[in-house]
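Visitor: Just dropping this structure here.
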Amino acid sequence: VKPVIVVAESAFSDHEALQAHFADLAELRFCDVSTPEAVAGATADASGIVVALHPLRRPYIEAFGPGVKVIGRAGVGLDSIDLEAAESLGVAVVNEPAYGASEVASHGVAMMLSLQRNLPVADRYVRAGWSGKLTLGQVKPVDELTVGLVGCGRIGSAAAGMLHGLVERVVAYDPVAVTLPSGVDRADSLEELLAQSDVVSLHLPLTEETRGVINAERLASMRPGALLINVSRGPLIDEPALADALRSGHIGGAGLDVFTTEPLPADSPLLGAPNTILSPHIAAYSERSAWRLASWTIEDTIAWIVSREVRNGNLVVAGSR
Ligand SMILES: NC(=O)c1ccc[n+]([C@@H]2O[C@H](COP(=O)([O-])OP(=O)(O)OC[C@H]3O[C@@H](n4cnc5c(N)ncnc54)[C@H](O)[C@@H]3O)[C@@H](O)[C@H]2O)c1
């Protein structure tokens, strides 16, 4: 008998392709999971449930049918799932931290190259009639840049691989990583990294210690004209302080995919700051990563039900059901 997996209907777009892909292994049912009542009805005879950003708080988990052994979280962040409730009710939780590392890294590199090569300024100039004074300021060649990676795990390492051969030097500050990719110099402190880097790119997690890590004082300690890239989490940066540093010109530009409040509020000081490229938390997206995220999460959900193993992602809570 094939296990029934309930998949939040809004989580993925390729319903038919996914059903066909897993036809031999499981019955996928795309369902509304927006209320505990809907979850109770959908999961009555199910063995697992897969969600993306849809929150699963305690009442939702308590509403699971008795056969539900595992929650597959299609994505990285776990703040949307009540892990304590899952644990106390014996439900396992798996997530997929690696599905988009290459995409996130390349988004950050695209932002740094675009800012360094003045593409937003150049694009506006051409569209405005290709006349008048074009101010490019000091343009350091890309192959003379030092790029500083704050955090060198999956995404930071992927970025280092892409930057190798493109820029002069890659330096990383990571207090936890024991080894760094070859060709990457280690900075012993964040201060050391900030003082050396023409571009600073953030690839560390948001925790209580890292919230606001890029504050006014650290921005002031960066090289004049340096670029700041954030494809990690918005609250790592003091956004009003960054807007001030961009306006003063001390920070030469910023590429931001993530913000303290998303969607970015209309009165955010970042919207009026010069030399910024802003994107709406899309760094992880590509055709490949979207399919990978869906198929990896469903595969791990089935693998846990059938053989108590996880092949692609992490087991975050080991269930007892
Ligand atoms: N924009 C997006 O769509 C998107 C998608 C996926 C992940 N992310 C973000 O990217 C972050 C990094 O992801 P990852 O897969 O590389 O995670 P990872 O856990 O593989 O790497 C994070 C690294 O940061 C290091 N670190 C921890 N505290 C640090 C500190 N105070 N200073 C410097 N380094 C520190 C860790 O030692 C680790 O090596 C995630 O936490 C997430 O917030 C964003």
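Chains: A, B, ... in order of the structure tokens. Residues: from 1 per chain. Ligands: from 1, in order shown.
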With only C-alpha atoms as the counted atoms, please give the residues lying no more than 8 Å from range 245-247 of chain A, apart from itself and same-chain residues fewer than 5 positions off, as a PyMOL selection string.

Guide: chain A and resi 216+219-220+252-254+273-275

Visitor: Skip Arg211 in chain A itself and residues of its chain fewer than 3 positions away, then list as a list in words all residues within 12 Å of it, counting only C-alpha atoms.

Guide: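 After dropping sequence-adjacent residues, the list is Leu204, Pro205, Leu206, Thr207, Glu208, Ile214, Asn215, Ser232, Arg233, Gly234, Pro235, Leu236, Ile237, Asp238, Glu239 and Thr260 of chain A.
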
Visitor: Can you work out which residues are within 6 Å of ligand 1, considering only C-alpha atoms and all ligand atoms, and then hand them over as a ChimeraX atom specification?

Guide: /A:97,104,150-156,173-177,203-206,210,231-233,257,281-284

Visitor: Suppose you want the space between CA of Tyr125 in chain A and CA of Ser268 in chain A; what is it in Å?

Guide: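 Result for CA of Tyr125 in chain A versus CA of Ser268 in chain A: 25.2 Å, one decimal.
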
Visitor: Would you please extract all strand (DSSP E or B) residues from range 81-317 of chain A, as assigned by DSSP on the backbone, and give them as a PyMOL selection string?

Guide: chain A and resi 81+92-95+146-150+164+167+169-173+184-186+199-202+214+226-230+237+251-256+276-278+314-317

Visitor: In terms of the shortest atom-to-atom distance over only C-alpha atoms, which of A:Val200, A:Val109, A:Val93, A:Ala8 is closest to Thr146 in chain A?

Guide: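 Among the listed residues, A:Val200 lies closest to Thr146 in chain A.
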
Visitor: Please list as a PyMOL selection string every residue within 8 Å of range 37-52 of chain A, counting only C-alpha atoms and excluding residues in the same chain fewer than 6 positions away.

Guide: chain A and resi 3-8+11+31+60+63-75+297-298+301-302+305

Visitor: Could you write those residues out with N, CA and C atoms, as an mmCIF file, in the first residue's frame?

Guide:
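Okay, this is what ended up in out_38.cif:
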data_model
loop_
_atom_site.group_PDB
_atom_site.id
_atom_site.type_symbol
_atom_site.label_atom_id
_atom_site.label_comp_id
_atom_site.auth_asym_id
_atom_site.auth_seq_id
_atom_site.Cartn_x
_atom_site.Cartn_y
_atom_site.Cartn_z
ATOM 1 N N PRO A 3 1.987 4.993 0.757
ATOM 2 C CA PRO A 3 1.600 5.989 1.762
ATOM 3 C C PRO A 3 0.961 7.217 1.109
ATOM 4 N N VAL A 4 0.030 7.818 1.836
ATOM 5 C CA VAL A 4 -0.598 9.057 1.376
ATOM 6 C C VAL A 4 0.182 10.234 1.980
ATOM 7 N N ILE A 5 0.621 11.151 1.104
ATOM 8 C CA ILE A 5 1.332 12.358 1.561
ATOM 9 C C ILE A 5 0.459 13.562 1.216
ATOM 10 N N VAL A 6 0.119 14.333 2.230
ATOM 11 C CA VAL A 6 -0.633 15.566 1.992
ATOM 12 C C VAL A 6 0.368 16.688 1.744
ATOM 13 N N VAL A 7 0.217 17.376 0.614
ATOM 14 C CA VAL A 7 1.121 18.480 0.258
ATOM 15 C C VAL A 7 0.298 19.768 0.245
ATOM 16 N N ALA A 8 0.766 20.784 0.976
ATOM 17 C CA ALA A 8 0.043 22.072 0.989
ATOM 18 C C ALA A 8 -0.141 22.549 -0.449
ATOM 19 N N ALA A 11 2.174 25.152 -1.898
ATOM 20 C CA ALA A 11 3.624 25.021 -1.718
ATOM 21 C C ALA A 11 4.389 24.988 -3.039
ATOM 22 N N CYS A 31 -3.622 19.677 -0.934
ATOM 23 C CA CYS A 31 -4.791 20.032 -0.121
ATOM 24 C C CYS A 31 -4.640 21.405 0.511
ATOM 25 N N TYR A 60 -2.484 22.945 14.655
ATOM 26 C CA TYR A 60 -2.431 22.245 13.364
ATOM 27 C C TYR A 60 -1.823 20.851 13.544
ATOM 28 N N ALA A 63 -4.042 18.472 15.139
ATOM 29 C CA ALA A 63 -5.135 18.046 14.259
ATOM 30 C C ALA A 63 -4.721 16.935 13.291
ATOM 31 N N PHE A 64 -3.422 16.601 13.257
ATOM 32 C CA PHE A 64 -2.958 15.563 12.318
ATOM 33 C C PHE A 64 -3.699 14.243 12.551
ATOM 34 N N GLY A 65 -3.957 13.500 11.468
ATOM 35 C CA GLY A 65 -4.469 12.142 11.598
ATOM 36 C C GLY A 65 -3.458 11.284 12.358
ATOM 37 N N PRO A 66 -3.909 10.171 12.965
ATOM 38 C CA PRO A 66 -3.041 9.365 13.832
ATOM 39 C C PRO A 66 -1.866 8.733 13.105
ATOM 40 N N GLY A 67 -1.959 8.621 11.753
ATOM 41 C CA GLY A 67 -0.884 7.970 11.012
ATOM 42 C C GLY A 67 0.215 8.904 10.553
ATOM 43 N N VAL A 68 0.082 10.217 10.815
ATOM 44 C CA VAL A 68 1.074 11.177 10.299
ATOM 45 C C VAL A 68 2.360 11.078 11.122
ATOM 46 N N LYS A 69 3.418 10.664 10.453
ATOM 47 C CA LYS A 69 4.695 10.432 11.146
ATOM 48 C C LYS A 69 5.684 11.558 10.962
ATOM 49 N N VAL A 70 5.507 12.371 9.919
ATOM 50 C CA VAL A 70 6.567 13.318 9.573
ATOM 51 C C VAL A 70 6.012 14.565 8.886
ATOM 52 N N ILE A 71 6.662 15.710 9.209
ATOM 53 C CA ILE A 71 6.430 16.975 8.497
ATOM 54 C C ILE A 71 7.647 17.207 7.609
ATOM 55 N N GLY A 72 7.440 17.365 6.314
ATOM 56 C CA GLY A 72 8.521 17.768 5.413
ATOM 57 C C GLY A 72 8.435 19.274 5.215
ATOM 58 N N ARG A 73 9.460 20.001 5.658
ATOM 59 C CA ARG A 73 9.454 21.471 5.486
ATOM 60 C C ARG A 73 10.259 21.792 4.229
ATOM 61 N N ALA A 74 9.553 22.222 3.195
ATOM 62 C CA ALA A 74 10.208 22.571 1.935
ATOM 63 C C ALA A 74 10.861 23.934 2.090
ATOM 64 N N GLY A 75 12.124 23.941 2.543
ATOM 65 C CA GLY A 75 12.839 25.183 2.758
ATOM 66 C C GLY A 75 13.822 25.012 3.893
ATOM 67 N N THR A 297 12.079 17.369 -0.790
ATOM 68 C CA THR A 297 11.260 17.337 0.434
ATOM 69 C C THR A 297 10.306 16.150 0.405
ATOM 70 N N ILE A 298 9.668 15.922 -0.742
ATOM 71 C CA ILE A 298 8.725 14.800 -0.827
ATOM 72 C C ILE A 298 9.491 13.485 -0.716
ATOM 73 N N THR A 301 10.345 12.884 2.870
ATOM 74 C CA THR A 301 9.139 12.576 3.654
ATOM 75 C C THR A 301 8.779 11.097 3.464
ATOM 76 N N ILE A 302 8.821 10.640 2.222
ATOM 77 C CA ILE A 302 8.523 9.226 1.944
ATOM 78 C C ILE A 302 9.595 8.333 2.572
ATOM 79 N N ILE A 305 9.059 7.786 6.205
ATOM 80 C CA ILE A 305 7.912 6.906 6.490
ATOM 81 C C ILE A 305 8.285 5.451 6.221
#

Visitor: So what do you get for CA of Gly108 in chain A versus CA of Tyr285 in chain A, distance-wise?

Guide: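 Atom-to-atom, CA of Gly108 in chain A to CA of Tyr285 in chain A, that is 12.5 Å.
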
Visitor: With only C-alpha atoms as the counted atoms, please give the residues lying no more than 10 Å from Gly183 in chain A, apart from itself and same-chain residues fewer than 6 positions off, as a PyMOL selection string.

Guide: chain A and resi 160-161+164-165+169-171

Visitor: Could the residues in this selection be saved with all heavy atoms as a short mmCIF file (atom, residue, chain, number, x, y, z; two decimals), in the first residue's frame?

Guide:
data_model
loop_
_atom_site.label_atom_id
_atom_site.label_comp_id
_atom_site.auth_asym_id
_atom_site.auth_seq_id
_atom_site.Cartn_x
_atom_site.Cartn_y
_atom_site.Cartn_z
N ALA A 160 32.51 31.58 -2.70
CA ALA A 160 33.98 31.60 -2.81
C ALA A 160 34.42 30.90 -4.10
O ALA A 160 35.30 31.38 -4.81
CB ALA A 160 34.60 30.92 -1.59
N GLY A 161 33.78 29.77 -4.41
CA GLY A 161 34.12 29.03 -5.63
C GLY A 161 33.85 29.86 -6.88
O GLY A 161 34.62 29.84 -7.84
N HIS A 164 36.50 32.80 -7.10
CA HIS A 164 37.87 32.37 -7.33
C HIS A 164 38.21 32.58 -8.81
O HIS A 164 37.50 32.10 -9.69
CB HIS A 164 38.02 30.89 -6.95
CG HIS A 164 39.42 30.40 -7.04
ND1 HIS A 164 40.38 30.77 -6.14
CD2 HIS A 164 40.02 29.59 -7.93
CE1 HIS A 164 41.52 30.20 -6.47
NE2 HIS A 164 41.32 29.48 -7.55
N GLY A 165 39.26 33.29 -9.10
CA GLY A 165 39.62 33.54 -10.50
C GLY A 165 38.97 34.79 -11.06
O GLY A 165 39.34 35.26 -12.13
N ARG A 169 41.23 38.54 -4.38
CA ARG A 169 41.40 37.84 -3.11
C ARG A 169 40.03 37.63 -2.47
O ARG A 169 39.16 38.51 -2.52
CB ARG A 169 42.28 38.72 -2.21
CG ARG A 169 42.60 38.15 -0.88
CD ARG A 169 43.72 38.95 -0.20
NE ARG A 169 43.89 38.42 1.13
CZ ARG A 169 43.55 39.06 2.25
NH1 ARG A 169 43.09 40.29 2.21
NH2 ARG A 169 43.70 38.48 3.42
N VAL A 170 39.85 36.46 -1.88
CA VAL A 170 38.64 36.18 -1.10
C VAL A 170 39.09 35.90 0.32
O VAL A 170 39.98 35.07 0.56
CB VAL A 170 37.85 34.97 -1.67
CG1 VAL A 170 36.60 34.72 -0.83
CG2 VAL A 170 37.48 35.20 -3.13
N VAL A 171 38.47 36.61 1.27
CA VAL A 171 38.80 36.42 2.68
C VAL A 171 37.49 36.11 3.40
O VAL A 171 36.43 36.60 3.00
CB VAL A 171 39.52 37.68 3.24
CG1 VAL A 171 38.73 38.93 3.01
CG2 VAL A 171 39.87 37.53 4.70
#

Visitor: Can you list every residue in range 95-318 of chain A that DSSP puts in alpha helix (DSSP H), as a PyMOL selection string?

Guide: chain A and resi 101-116+119-127+154-163+190-196+216-221+239-248+287-307

Visitor: What lies within 9 Å of range 112-115 of chain A using only C-alpha atoms, ignoring chain neighbours under 4 positions off, as a PyMOL selection string?

Guide: chain A and resi 107-108+119-121+142+199+201+227-229+252-255+275-277

Visitor: I'd like the interatomic distance between CA of Ser286 in chain A and CA of Pro181 in chain A, to a tenth of an Å.

Guide: 24.7 Å

Visitor: Which residue is closest to Asp198 in chain A? Choose from A:Ile251, A:Leu83, A:Ala318, A:Ala128 and count only C-alpha atoms.

Guide: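 Looking at the shortest contact to Asp198 in chain A, the residue is A:Ile251.
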
Visitor: Which of these, A:Pro55, A:Gly225, A:Gly129, A:Pro265, has the shortest distance to Gln116 in chain A once you count only C-alpha atoms?

Guide: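 Residue with the minimum atom-to-atom distance to Gln116 in chain A: A:Gly225.
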
Visitor: Please identify all polymer residues within 10 Å of Val1 in chain A, counting only C-alpha atoms, omitting same-chain residues fewer than 3 positions from it, and present them as a list in words.

Guide: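 Near neighbours after the sequence-gap exclusion: Val4, Leu25, Ala26 and Glu27 of chain A.
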
Visitor: Go ahead and write the selection's residues with all heavy atoms as an mmCIF file, in the first residue's frame.

Guide:
data_model
loop_
_atom_site.group_PDB
_atom_site.id
_atom_site.type_symbol
_atom_site.label_atom_id
_atom_site.label_comp_id
_atom_site.auth_asym_id
_atom_site.auth_seq_id
_atom_site.Cartn_x
_atom_site.Cartn_y
_atom_site.Cartn_z
ATOM 1 N N VAL A 4 0.030 7.818 1.836
ATOM 2 C CA VAL A 4 -0.598 9.057 1.376
ATOM 3 C C VAL A 4 0.182 10.234 1.980
ATOM 4 O O VAL A 4 0.409 10.280 3.189
ATOM 5 C CB VAL A 4 -2.073 9.126 1.835
ATOM 6 C CG1 VAL A 4 -2.661 10.516 1.560
ATOM 7 C CG2 VAL A 4 -2.889 8.037 1.148
ATOM 8 N N LEU A 25 5.769 5.486 -5.693
ATOM 9 C CA LEU A 25 6.175 5.474 -4.276
ATOM 10 C C LEU A 25 5.110 5.942 -3.308
ATOM 11 O O LEU A 25 5.089 5.504 -2.143
ATOM 12 C CB LEU A 25 7.421 6.366 -4.092
ATOM 13 C CG LEU A 25 8.660 5.965 -4.878
ATOM 14 C CD1 LEU A 25 9.757 6.998 -4.683
ATOM 15 C CD2 LEU A 25 9.141 4.586 -4.415
ATOM 16 N N ALA A 26 4.263 6.863 -3.742
ATOM 17 C CA ALA A 26 3.309 7.444 -2.793
ATOM 18 C C ALA A 26 2.139 8.058 -3.546
ATOM 19 O O ALA A 26 2.234 8.349 -4.735
ATOM 20 C CB ALA A 26 3.989 8.529 -1.955
ATOM 21 N N GLU A 27 1.048 8.270 -2.811
ATOM 22 C CA GLU A 27 -0.069 9.019 -3.365
ATOM 23 C C GLU A 27 0.029 10.442 -2.825
ATOM 24 O O GLU A 27 -0.083 10.659 -1.618
ATOM 25 C CB GLU A 27 -1.396 8.385 -2.930
ATOM 26 C CG GLU A 27 -2.590 9.121 -3.492
ATOM 27 C CD GLU A 27 -3.913 8.585 -2.959
ATOM 28 O OE1 GLU A 27 -3.974 7.408 -2.552
ATOM 29 O OE2 GLU A 27 -4.872 9.370 -2.930
#

Visitor: Which residues come within 10 Å of Ala98 in chain A, counting only C-alpha atoms, excluding same-chain residues fewer than 4 positions away, as a PyMOL selection string?

Guide: chain A and resi 75-76+102+154-155+289+292-293+296+312-314

Visitor: Counting only C-alpha atoms, figure out which residue out of A:Leu278, A:Ile81, A:Val178, A:Leu166 gets nearest to Phe259 in chain A.

Guide: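 Result for the nearest residue to Phe259 in chain A: A:Leu278.
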